[in-house]
>>> print(open('query-v6.cif').read())   # mmCIF, C-alpha atoms and all ligand atoms
data_structure
loop_
_atom_site.label_atom_id
_atom_site.label_comp_id
_atom_site.auth_asym_id
_atom_site.auth_seq_id
_atom_site.Cartn_x
_atom_site.Cartn_y
_atom_site.Cartn_z
CA MET A 1 0.00 0.00 0.00
CA GLY A 2 1.57 3.25 -1.13
CA PHE A 3 1.51 6.62 0.53
CA PHE A 4 -1.34 7.89 -1.60
CA ASP A 5 -3.51 4.87 -0.91
CA PHE A 6 -3.13 5.68 2.73
CA LEU A 7 -4.23 9.27 2.16
CA LYS A 8 -7.16 8.09 0.11
CA LYS A 9 -8.32 5.76 2.81
CA GLU A 10 -8.15 8.52 5.40
CA SER A 11 -10.16 10.93 3.32
CA ASN A 12 -12.82 8.35 2.47
CA GLN A 13 -13.62 7.55 6.06
CA LYS A 14 -17.14 8.40 7.09
CA GLY A 15 -17.16 11.91 8.52
CA SER A 16 -18.54 13.10 11.84
CA LYS A 17 -21.58 14.71 10.27
CA SER A 18 -23.87 11.70 10.65
CA ILE A 19 -22.81 11.29 14.28
CA ALA A 20 -23.67 14.95 14.87
CA LYS A 21 -27.05 14.49 13.23
CA ASP A 22 -27.95 11.38 15.23
CA ARG A 23 -26.89 12.89 18.54
CA LEU A 24 -28.76 16.09 17.79
CA LYS A 25 -31.96 14.24 16.93
CA LEU A 26 -31.84 12.37 20.20
CA VAL A 27 -31.18 15.42 22.42
CA LEU A 28 -33.99 17.25 20.67
CA VAL A 29 -36.43 14.43 21.37
CA HIS A 30 -35.63 14.87 25.06
CA ASP A 31 -35.62 18.69 24.91
CA ARG A 32 -38.92 18.88 23.06
CA ALA A 33 -40.63 16.44 25.39
CA SER A 34 -39.02 18.41 28.23
CA MET A 35 -37.91 15.12 29.75
CA SER A 36 -34.44 14.92 31.22
CA PRO A 37 -32.58 11.67 31.93
CA GLU A 38 -33.31 12.27 35.64
CA VAL A 39 -37.05 12.43 35.02
CA LEU A 40 -36.84 9.24 32.98
CA GLU A 41 -34.99 7.49 35.79
CA ALA A 42 -37.65 8.56 38.30
CA LEU A 43 -40.30 7.27 35.92
CA ARG A 44 -38.47 3.96 35.54
CA LYS A 45 -38.36 3.48 39.31
CA GLU A 46 -42.07 4.14 39.73
CA ILE A 47 -42.97 1.83 36.89
CA ILE A 48 -41.02 -0.96 38.61
CA GLN A 49 -42.88 -0.34 41.87
CA VAL A 50 -46.30 -0.44 40.27
CA ILE A 51 -45.69 -3.42 38.01
CA SER A 52 -44.02 -5.57 40.67
CA LYS A 53 -47.27 -5.49 42.63
CA TYR A 54 -48.78 -7.66 39.90
CA VAL A 55 -45.96 -9.63 38.29
CA ASP A 56 -42.46 -10.68 39.19
CA VAL A 57 -40.29 -8.49 36.97
CA ASP A 58 -36.58 -8.41 36.39
CA ASN A 59 -35.84 -5.12 38.15
CA ASN A 60 -32.36 -4.72 36.78
CA ASN A 61 -33.25 -5.03 33.15
CA ILE A 62 -36.15 -2.65 32.83
CA GLU A 63 -35.55 -0.02 30.19
CA VAL A 64 -37.54 3.15 29.70
CA GLU A 65 -36.51 5.34 26.79
CA LEU A 66 -37.71 8.22 24.73
CA ASN A 67 -37.53 7.48 21.03
CA ASP A 68 -37.98 9.47 17.90
CA ASN A 69 -40.59 7.85 15.68
CA ASN A 70 -40.78 9.97 12.53
CA ASN A 71 -40.58 13.14 14.60
CA GLN A 72 -43.14 11.81 17.08
CA ALA A 73 -41.62 11.37 20.51
CA THR A 74 -42.64 8.01 21.97
CA LEU A 75 -42.03 6.52 25.36
CA VAL A 76 -40.86 2.92 25.10
CA ALA A 77 -40.68 0.59 28.09
CA ASN A 78 -39.09 -2.81 27.89
CA ILE A 79 -40.06 -4.90 30.92
CA PRO A 80 -38.77 -8.47 31.10
CA ILE A 81 -40.89 -10.70 33.33
CA ASN A 82 -39.14 -13.38 35.39
CA GLU A 83 -40.07 -16.97 34.60
CA ILE A 84 -43.57 -17.63 35.75
CA LYS A 85 -43.49 -20.54 38.18
CA ARG A 86 -45.98 -23.37 37.77
CA LYS A 87 -48.46 -23.73 40.52
CA ARG A 88 -47.42 -26.66 42.67
CA ASN A 89 -50.47 -27.03 44.82
CA VAL A 90 -53.19 -29.36 43.76
CA MET B 1 -45.92 51.36 9.08
CA GLY B 2 -42.68 49.39 9.33
CA GLU B 3 -41.85 45.90 10.50
CA VAL B 4 -39.94 44.76 13.57
CA ILE B 5 -37.52 41.86 13.02
CA VAL B 6 -35.64 40.28 15.92
CA ILE B 7 -32.30 38.53 15.28
CA THR B 8 -31.81 35.86 17.92
CA SER B 9 -30.04 32.53 18.54
CA GLY B 10 -30.00 31.27 22.12
CA LYS B 11 -26.32 30.34 21.96
CA GLY B 12 -23.82 33.18 22.19
CA GLY B 13 -21.25 34.13 19.60
CA VAL B 14 -22.92 32.56 16.57
CA GLY B 15 -23.23 35.82 14.62
CA LYS B 16 -26.35 37.76 15.69
CA THR B 17 -24.60 41.11 15.80
CA THR B 18 -22.72 40.46 12.54
CA THR B 19 -26.00 39.44 10.91
CA THR B 20 -27.86 42.48 12.26
CA ALA B 21 -25.18 44.89 10.99
CA ASN B 22 -24.97 43.29 7.56
CA ILE B 23 -28.67 42.76 6.92
CA GLY B 24 -29.37 46.31 8.12
CA THR B 25 -26.69 47.78 5.87
CA ALA B 26 -27.92 45.68 2.94
CA LEU B 27 -31.52 46.84 3.44
CA ALA B 28 -30.37 50.46 3.53
CA LYS B 29 -28.41 49.86 0.32
CA ILE B 30 -31.63 48.82 -1.39
CA ASP B 31 -33.18 52.12 -0.28
CA LYS B 32 -35.07 51.04 2.81
CA LYS B 33 -35.18 53.16 5.92
CA VAL B 34 -33.69 51.03 8.67
CA VAL B 35 -32.94 51.33 12.39
CA LEU B 36 -30.78 48.78 14.18
CA VAL B 37 -31.51 48.46 17.88
CA ASP B 38 -28.82 47.00 20.14
CA THR B 39 -30.77 45.32 22.97
CA ASP B 40 -27.67 43.69 24.47
CA ILE B 41 -27.59 46.05 27.44
CA GLY B 42 -24.27 45.88 29.30
CA LEU B 43 -22.51 44.20 26.36
CA ARG B 44 -22.79 46.85 23.68
CA ASN B 45 -21.24 45.71 20.38
CA LEU B 46 -23.31 46.68 17.38
CA ASP B 47 -21.81 50.20 17.50
CA VAL B 48 -18.26 48.93 16.91
CA VAL B 49 -19.29 46.49 14.20
CA LEU B 50 -20.88 49.45 12.38
CA GLY B 51 -17.96 51.78 13.16
CA LEU B 52 -20.19 54.24 15.02
CA GLU B 53 -18.76 53.91 18.53
CA ASN B 54 -17.42 57.47 18.64
CA ARG B 55 -20.77 59.09 18.01
CA ILE B 56 -22.77 57.79 20.92
CA VAL B 57 -24.25 60.35 23.28
CA TYR B 58 -27.52 58.78 24.43
CA ASP B 59 -28.62 55.15 24.49
CA ILE B 60 -31.71 52.94 24.59
CA VAL B 61 -32.10 53.27 28.36
CA ASP B 62 -32.02 57.08 28.11
CA VAL B 63 -34.80 56.90 25.52
CA VAL B 64 -37.18 54.58 27.36
CA LYS B 65 -36.66 56.42 30.66
CA GLY B 66 -37.37 59.75 28.96
CA HIS B 67 -33.91 61.24 29.60
CA CYS B 68 -33.75 62.30 25.97
CA ARG B 69 -35.91 62.36 22.87
CA LEU B 70 -35.80 59.38 20.50
CA ASN B 71 -34.27 61.48 17.71
CA GLN B 72 -31.41 62.59 19.95
CA ALA B 73 -30.34 58.99 20.56
CA LEU B 74 -30.51 57.77 16.96
CA ILE B 75 -27.09 57.73 15.29
CA LYS B 76 -26.92 58.17 11.55
CA ASP B 77 -24.63 55.86 9.58
CA LYS B 78 -21.50 57.35 7.99
CA ARG B 79 -22.22 56.14 4.47
CA LEU B 80 -25.84 55.22 4.07
CA GLU B 81 -28.65 57.76 4.08
CA GLY B 82 -31.37 55.50 5.48
CA LEU B 83 -29.43 53.64 8.17
CA PHE B 84 -29.59 54.43 11.91
CA LEU B 85 -28.39 52.85 15.15
CA LEU B 86 -30.00 52.97 18.56
CA PRO B 87 -27.14 51.84 20.84
CA ALA B 88 -27.40 49.75 23.99
CA ALA B 89 -26.38 51.17 27.35
CA GLN B 90 -23.01 49.88 28.46
CA THR B 91 -23.12 50.62 32.19
CA LYS B 92 -26.49 49.11 33.08
CA ASP B 93 -27.78 45.54 32.91
CA LYS B 94 -30.57 43.76 31.08
CA ASN B 95 -33.09 44.49 33.82
CA ALA B 96 -32.69 48.25 33.32
CA VAL B 97 -35.60 48.17 30.85
CA THR B 98 -38.95 46.41 30.90
CA GLU B 99 -40.87 44.58 28.20
CA GLU B 100 -43.55 47.29 28.20
CA GLU B 101 -40.95 50.01 27.65
CA ILE B 102 -39.41 48.15 24.69
CA LYS B 103 -42.84 47.42 23.23
CA LYS B 104 -43.63 51.11 23.28
CA LEU B 105 -40.23 51.91 21.75
CA THR B 106 -40.72 49.48 18.84
CA GLU B 107 -44.13 51.00 18.16
CA ASP B 108 -42.62 54.48 17.97
CA LEU B 109 -39.78 53.26 15.71
CA LYS B 110 -42.20 51.48 13.35
CA GLU B 111 -43.79 54.83 12.62
CA LYS B 112 -40.52 56.22 11.30
CA PHE B 113 -38.74 53.25 9.67
CA ASP B 114 -39.44 50.50 7.13
CA TYR B 115 -37.44 48.00 9.18
CA VAL B 116 -36.67 47.95 12.89
CA ILE B 117 -34.05 45.27 13.52
CA MET B 118 -33.47 44.14 17.09
CA ASP B 119 -30.07 42.59 17.90
CA CYS B 120 -30.89 40.17 20.72
CA PRO B 121 -28.50 39.17 23.51
CA ALA B 122 -27.54 35.50 23.97
CA GLY B 123 -29.61 33.43 26.38
CA ILE B 124 -33.31 33.12 27.14
CA GLU B 125 -33.61 35.48 30.10
CA GLN B 126 -34.98 39.01 30.42
CA GLY B 127 -32.82 40.39 27.60
CA PHE B 128 -34.30 37.86 25.18
CA LYS B 129 -37.85 38.61 26.35
CA ASN B 130 -37.25 42.33 25.87
CA ALA B 131 -35.85 41.85 22.38
CA ILE B 132 -38.76 39.76 21.09
CA ILE B 133 -41.67 41.62 22.70
CA GLY B 134 -42.47 43.90 19.76
CA ALA B 135 -41.34 41.58 16.95
CA ASP B 136 -43.44 40.92 13.85
CA ARG B 137 -40.88 38.45 12.52
CA ALA B 138 -37.85 36.61 13.83
CA ILE B 139 -34.61 35.43 12.28
CA VAL B 140 -32.83 32.67 14.17
CA VAL B 141 -29.08 32.45 13.56
CA ALA B 142 -27.38 29.07 13.95
CA THR B 143 -24.02 27.62 13.01
CA PRO B 144 -23.78 24.01 11.74
CA GLU B 145 -22.87 22.60 15.14
CA VAL B 146 -24.78 20.39 17.55
CA SER B 147 -24.94 22.91 20.42
CA SER B 148 -25.99 25.81 18.22
CA VAL B 149 -28.74 23.88 16.44
CA ARG B 150 -29.97 22.54 19.75
CA ASP B 151 -30.26 26.06 21.18
CA ALA B 152 -31.92 27.25 17.99
CA ASP B 153 -34.57 24.57 18.48
CA ARG B 154 -35.28 25.84 21.98
CA ILE B 155 -35.50 29.43 20.73
CA ILE B 156 -37.87 28.45 17.91
CA GLY B 157 -40.11 26.83 20.53
CA LEU B 158 -40.06 29.99 22.67
CA LEU B 159 -40.83 32.20 19.66
CA GLU B 160 -43.79 29.97 18.82
CA ALA B 161 -44.99 30.14 22.42
CA ASN B 162 -44.81 33.94 22.17
CA GLU B 163 -46.88 33.80 18.99
CA ILE B 164 -44.36 35.44 16.71
CA PRO B 165 -45.93 34.68 13.36
CA ASP B 166 -42.94 34.28 11.06
CA THR B 167 -39.62 32.71 12.05
CA ARG B 168 -36.83 32.02 9.55
CA LEU B 169 -33.36 30.53 9.81
CA VAL B 170 -29.96 31.95 8.89
CA ILE B 171 -27.19 29.34 8.83
CA ASN B 172 -23.92 31.12 9.52
CA ARG B 173 -20.27 30.09 9.19
CA LEU B 174 -20.96 27.22 6.82
CA ARG B 175 -17.75 25.62 5.56
CA PRO B 176 -18.50 23.95 2.22
CA GLN B 177 -15.23 22.03 2.22
CA MET B 178 -16.07 20.42 5.56
CA VAL B 179 -19.59 19.62 4.40
CA LYS B 180 -18.10 17.95 1.36
CA GLN B 181 -15.79 15.87 3.55
CA GLY B 182 -18.77 14.76 5.59
CA ASP B 183 -17.52 16.58 8.68
CA MET B 184 -20.16 19.29 8.92
CA MET B 185 -23.94 19.09 8.88
CA ASP B 186 -25.33 20.44 5.64
CA ILE B 187 -28.19 22.87 5.05
CA GLU B 188 -30.75 20.15 4.46
CA ASP B 189 -29.84 18.29 7.64
CA ILE B 190 -30.38 21.42 9.69
CA ILE B 191 -33.65 22.60 8.19
CA ASP B 192 -34.96 19.06 8.33
CA ILE B 193 -34.15 18.76 12.04
CA LEU B 194 -35.51 22.21 12.93
CA SER B 195 -38.49 22.11 10.50
CA ILE B 196 -38.11 25.78 9.70
CA LYS B 197 -37.78 27.82 6.50
CA LEU B 198 -34.40 29.09 5.44
CA ILE B 199 -33.77 32.76 4.65
CA GLY B 200 -29.97 32.88 4.39
CA VAL B 201 -26.81 30.81 4.26
CA ILE B 202 -23.62 32.68 5.14
CA PRO B 203 -20.25 31.04 4.55
CA GLU B 204 -17.35 31.20 6.97
CA ASP B 205 -15.40 34.17 5.65
CA GLU B 206 -12.19 35.71 6.95
CA PHE B 207 -13.36 39.00 5.56
CA ILE B 208 -15.89 39.24 8.40
CA ILE B 209 -12.98 39.72 10.79
CA VAL B 210 -11.36 42.32 8.53
CA SER B 211 -14.66 44.17 8.22
CA THR B 212 -15.22 44.09 11.98
CA ASN B 213 -11.69 45.43 12.47
CA ARG B 214 -12.53 48.32 10.19
CA GLY B 215 -16.07 48.89 11.39
CA GLU B 216 -17.46 48.45 7.87
CA PRO B 217 -20.00 45.66 7.38
CA ALA B 218 -19.00 43.05 4.77
CA VAL B 219 -21.95 43.85 2.46
CA ASN B 220 -20.07 47.02 1.53
CA ASN B 221 -17.43 44.86 -0.13
CA GLU B 222 -18.22 43.36 -3.53
CA ASP B 223 -15.67 40.57 -3.17
CA SER B 224 -16.80 39.16 0.16
CA MET B 225 -18.72 35.88 -0.12
CA ALA B 226 -20.38 36.50 3.24
CA GLY B 227 -21.25 40.03 2.11
CA LYS B 228 -22.94 38.68 -1.01
CA ALA B 229 -24.82 36.10 1.02
CA TYR B 230 -26.05 38.81 3.42
CA MET B 231 -27.20 40.97 0.50
CA ASN B 232 -29.22 38.03 -0.84
CA THR B 233 -30.70 37.47 2.61
CA ALA B 234 -31.81 41.12 2.76
CA LYS B 235 -33.47 40.80 -0.65
CA ARG B 236 -35.37 37.75 0.57
CA ILE B 237 -36.51 39.77 3.60
CA VAL B 238 -38.13 42.35 1.33
CA GLY B 239 -39.83 39.52 -0.57
CA GLU B 240 -37.58 39.01 -3.60
CA GLU B 241 -36.95 35.48 -4.74
CA VAL B 242 -33.21 34.98 -4.79
CA PRO B 243 -31.62 31.57 -5.35
CA PHE B 244 -29.15 30.43 -2.71
CA LEU B 245 -25.46 31.01 -3.54
CA ASN B 246 -23.49 28.08 -4.74
CA LEU B 247 -21.01 27.65 -1.92
CA GLU B 248 -19.24 24.69 -3.52
CA VAL B 249 -15.58 25.32 -3.09
CA GLN B 250 -13.01 24.40 -5.64
CA GLU B 251 -11.53 20.98 -5.33
CA GLY B 252 -8.73 20.98 -2.81
CA LEU B 253 -5.20 20.10 -3.79
CA LEU B 254 -5.43 16.80 -1.97
CA ASP B 255 -8.54 15.80 -3.93
CA ARG B 256 -6.76 16.48 -7.17
CA PHE B 257 -3.75 14.47 -6.08
CA LEU B 258 -5.97 11.56 -5.13
CA LYS B 259 -7.73 11.62 -8.46
CA ILE B 260 -4.46 11.40 -10.33
CA PHE B 261 -2.99 8.69 -8.19
CA SER B 262 -6.06 6.50 -7.84
CA LYS B 263 -6.24 5.87 -11.58
N1 LIG A 301 -19.56 34.20 8.62
C1 LIG A 301 -18.56 34.42 9.49
N2 LIG A 301 -17.27 34.15 9.13
C2 LIG A 301 -16.25 34.37 9.99
N3 LIG A 301 -16.39 34.88 11.22
C3 LIG A 301 -17.65 35.17 11.66
C4 LIG A 301 -18.78 34.97 10.81
N4 LIG A 301 -19.88 35.36 11.50
C5 LIG A 301 -19.44 35.80 12.71
N5 LIG A 301 -18.11 35.69 12.81
C6 LIG A 301 -17.28 36.06 13.98
O1 LIG A 301 -17.81 35.41 15.12
C7 LIG A 301 -17.71 36.22 16.27
C8 LIG A 301 -19.06 36.37 16.95
O2 LIG A 301 -19.93 37.08 16.12
P1 LIG A 301 -21.05 38.05 16.69
O3 LIG A 301 -20.50 39.01 17.67
O4 LIG A 301 -21.81 38.58 15.53
O5 LIG A 301 -21.95 36.97 17.46
P2 LIG A 301 -23.18 37.24 18.45
O6 LIG A 301 -24.12 36.09 18.24
O7 LIG A 301 -23.71 38.61 18.29
O8 LIG A 301 -22.45 37.12 19.86
P3 LIG A 301 -23.11 37.46 21.31
O9 LIG A 301 -23.96 36.29 21.64
O10 LIG A 301 -21.93 37.59 22.20
O11 LIG A 301 -23.88 38.72 21.15
C9 LIG A 301 -17.14 37.55 15.82
O12 LIG A 301 -15.78 37.57 16.10
C10 LIG A 301 -17.37 37.54 14.30
O13 LIG A 301 -16.39 38.26 13.63
MG MG A 302 -24.05 40.17 19.78
#
>>> encode(input="query-v6.cif", output="structure tokens")
Amino acid sequence: MGFFDFLKKESNQKGSKSIAKDRLKLVLVHDRASMSPEVLEALRKEIIQVISKYVDVDNNNIEVELNDNNNQATLVANIPINEIKRKRNV
Amino acid sequence: MGEVIVITSGKGGVGKTTTTANIGTALAKIDKKVVLVDTDIGLRNLDVVLGLENRIVYDIVDVVKGHCRLNQALIKDKRLEGLFLLPAAQTKDKNAVTEEEIKKLTEDLKEKFDYVIMDCPAGIEQGFKNAIIGADRAIVVATPEVSSVRDADRIIGLLEANEIPDTRLVINRLRPQMVKQGDMMDIEDIIDILSIKLIGVIPEDEFIIVSTNRGEPAVNNEDSMAGKAYMNTAKRIVGEEVPFLNLEVQEGLLDRFLKIFSK
């Protein structure tokens, strides 16, 4: 590989523009919904409390996120339920 | 009856004052009667960008408090017949004036001028509220950077909440070479993210620094790319349809090398 191939490779690398765009879109989803990461964390904790009254959930793996769905902010919760045990009594 | 246009951005240092001086000068060059109002109380700057700093006797605070008549505080531009500056006060702070006082001031200025252009301070506090209170239209200035576009989004939201009917975007300091390399967000990316109409694209231009050194806005210079872009922006403000400048730069030396050696 010659010197100029090296230069070519460098200049063809994907620029930082798409990173900027993706990061910007995500911060704006939060800004526009006026929901900070702290608020989301508080929400996550309360969701755990409420749901664990009814089912046995995997507390450590609950995710609550704001997403950008075609410019519509959506709240997405992913709540894994622990294996439901079979009833042993007759 | 004239129109009040506020130039704002949220983030500091992105080019509000430069834009105000150049758009104002450009409007005066196309025979409009224009007053530029520096609302950045405590951080007066528009006077030096216009080269009028030696002529200030009274300022905006003197006017709204009734210490002088409006005409006494208006400073006439050195070159252009229809261009005036109402300077900010340097020794007071942004709370020295109220929204009601500025509203009244803009109404008085609208009687005398075709365009009243308000140079807004950075931030979203009292100074921002004062600057937008009498506005019929707003121009948001942003540079192609994450933090600037983010702040612009916040400002656009606040302008909507304040029911300012017409908000347009000026993208400043665009570097076509970096866009081409994929290292700077392009115009489409930004207007897509902000969902707002574009009114000007100003390239990064060293001449802006030279013109600020001299106190002569870049639109006065035929050879300045930024000056040309500001002139086009002013024409769009008065309703002319002007195509956006082709900011494609010439191929860099490296590109040419690569083309030769990759064959
Ligand atoms: N298109 C441009 N090309 C090169 N330099 C520029 C350009 N636009 C602005 N600048 C420079 O950027 C700096 C900040 O510009 P300016 O004072 O207009 O920003 P501002 O938004 O009014 O700042 P503040 O928020 O402090 O009021 C100045 O030094 C100016 O010369
Ligand atoms: Mg300024």
>>> residues_near_ligand(input="query-v6.cif", ligand="ligand MG 302 (chain A)", cutoff="12 Å", atoms="all atoms listed in the file", output="ChimeraX atom specification")
/B:7-21,37-49,88,118-123,127-128,141
>>> interface_residues(input="query-v6.cif", of="chain A", to="chain B", cutoff="6 Å", atoms="only C-alpha atoms", output="PDB file with C-alpha atoms, keeping the file's coordinate frame")
ATOM      1  CA  GLY A  15     -17.160  11.910   8.520  1.00  0.00           C
ATOM      2  CA  SER A  16     -18.540  13.100  11.840  1.00  0.00           C
ATOM      3  CA  LYS A  17     -21.580  14.710  10.270  1.00  0.00           C
ATOM      4  CA  LEU A  24     -28.760  16.090  17.790  1.00  0.00           C
TER       5      LEU A  24
END
>>> residues_around(input="query-v6.cif", residues="Leu26 of chain A", least_positions_apart="2", cutoff="12 Å", atoms="only C-alpha atoms", output="number ranges by chain")
A: 19-24, 28-33, 35-37, 65-69, 71-74; B: 146, 150, 193
>>> residues_around(input="query-v6.cif", residues="segment 213-215 of chain B", least_positions_apart="3", cutoff="8 Å", atoms="only C-alpha atoms", output="VMD selection string")
chain B and resid 48 to 52 209 to 210
>>> atom_distance(input="query-v6.cif", atom1="atom CA of Arg44 of chain A", atom2="atom CA of Lys25 of chain A")
22.2 Å
>>> atom_distance(input="query-v6.cif", atom1="atom CA of Ile79 of chain A", atom2="atom CA of Ser34 of chain A")
23.5 Å
>>> atom_distance(input="query-v6.cif", atom1="atom C3 of ligand LIG 301 (chain A)", atom2="atom CA of Arg137 of chain B")
23.5 Å
>>> residues_near_point(input="query-v6.cif", point="(-28.8, 49.3, -0.6)", cutoff="12 Å", atoms="all atoms listed in the file", output="PDB file with C-alpha atoms, keeping the file's coordinate frame")
ATOM      1  CA  ASN B  22     -24.970  43.290   7.560  1.00  0.00           C
ATOM      2  CA  ILE B  23     -28.670  42.760   6.920  1.00  0.00           C
ATOM      3  CA  GLY B  24     -29.370  46.310   8.120  1.00  0.00           C
ATOM      4  CA  THR B  25     -26.690  47.780   5.870  1.00  0.00           C
ATOM      5  CA  ALA B  26     -27.920  45.680   2.940  1.00  0.00           C
ATOM      6  CA  LEU B  27     -31.520  46.840   3.440  1.00  0.00           C
ATOM      7  CA  ALA B  28     -30.370  50.460   3.530  1.00  0.00           C
ATOM      8  CA  LYS B  29     -28.410  49.860   0.320  1.00  0.00           C
ATOM      9  CA  ILE B  30     -31.630  48.820  -1.390  1.00  0.00           C
ATOM     10  CA  ASP B  31     -33.180  52.120  -0.280  1.00  0.00           C
ATOM     11  CA  LYS B  32     -35.070  51.040   2.810  1.00  0.00           C
ATOM     12  CA  LYS B  33     -35.180  53.160   5.920  1.00  0.00           C
ATOM     13  CA  VAL B  34     -33.690  51.030   8.670  1.00  0.00           C
ATOM     14  CA  ARG B  79     -22.220  56.140   4.470  1.00  0.00           C
ATOM     15  CA  LEU B  80     -25.840  55.220   4.070  1.00  0.00           C
ATOM     16  CA  GLU B  81     -28.650  57.760   4.080  1.00  0.00           C
ATOM     17  CA  GLY B  82     -31.370  55.500   5.480  1.00  0.00           C
ATOM     18  CA  LEU B  83     -29.430  53.640   8.170  1.00  0.00           C
ATOM     19  CA  VAL B 219     -21.950  43.850   2.460  1.00  0.00           C
ATOM     20  CA  ASN B 220     -20.070  47.020   1.530  1.00  0.00           C
ATOM     21  CA  TYR B 230     -26.050  38.810   3.420  1.00  0.00           C
ATOM     22  CA  MET B 231     -27.200  40.970   0.500  1.00  0.00           C
ATOM     23  CA  ASN B 232     -29.220  38.030  -0.840  1.00  0.00           C
ATOM     24  CA  ALA B 234     -31.810  41.120   2.760  1.00  0.00           C
ATOM     25  CA  LYS B 235     -33.470  40.800  -0.650  1.00  0.00           C
ATOM     26  CA  VAL B 238     -38.130  42.350   1.330  1.00  0.00           C
TER      27      VAL B 238
END
>>> closest_residue(input="query-v6.cif", among="B:Leu169, B:Val140, B:Val4, B:Leu105", to="ligand LIG 301 (chain A)", atoms="all atoms listed in the file")
B:Val140
>>> closest_residue(input="query-v6.cif", among="B:Lys228, B:Arg55, B:Lys103, B:Lys110", to="ligand LIG 301 (chain A)", atoms="all atoms listed in the file")
B:Lys228
>>> closest_residue(input="query-v6.cif", among="B:Ser195, B:Asn130, B:Asn54, B:Asn172", to="ligand LIG 301 (chain A)", atoms="all atoms listed in the file")
B:Asn172
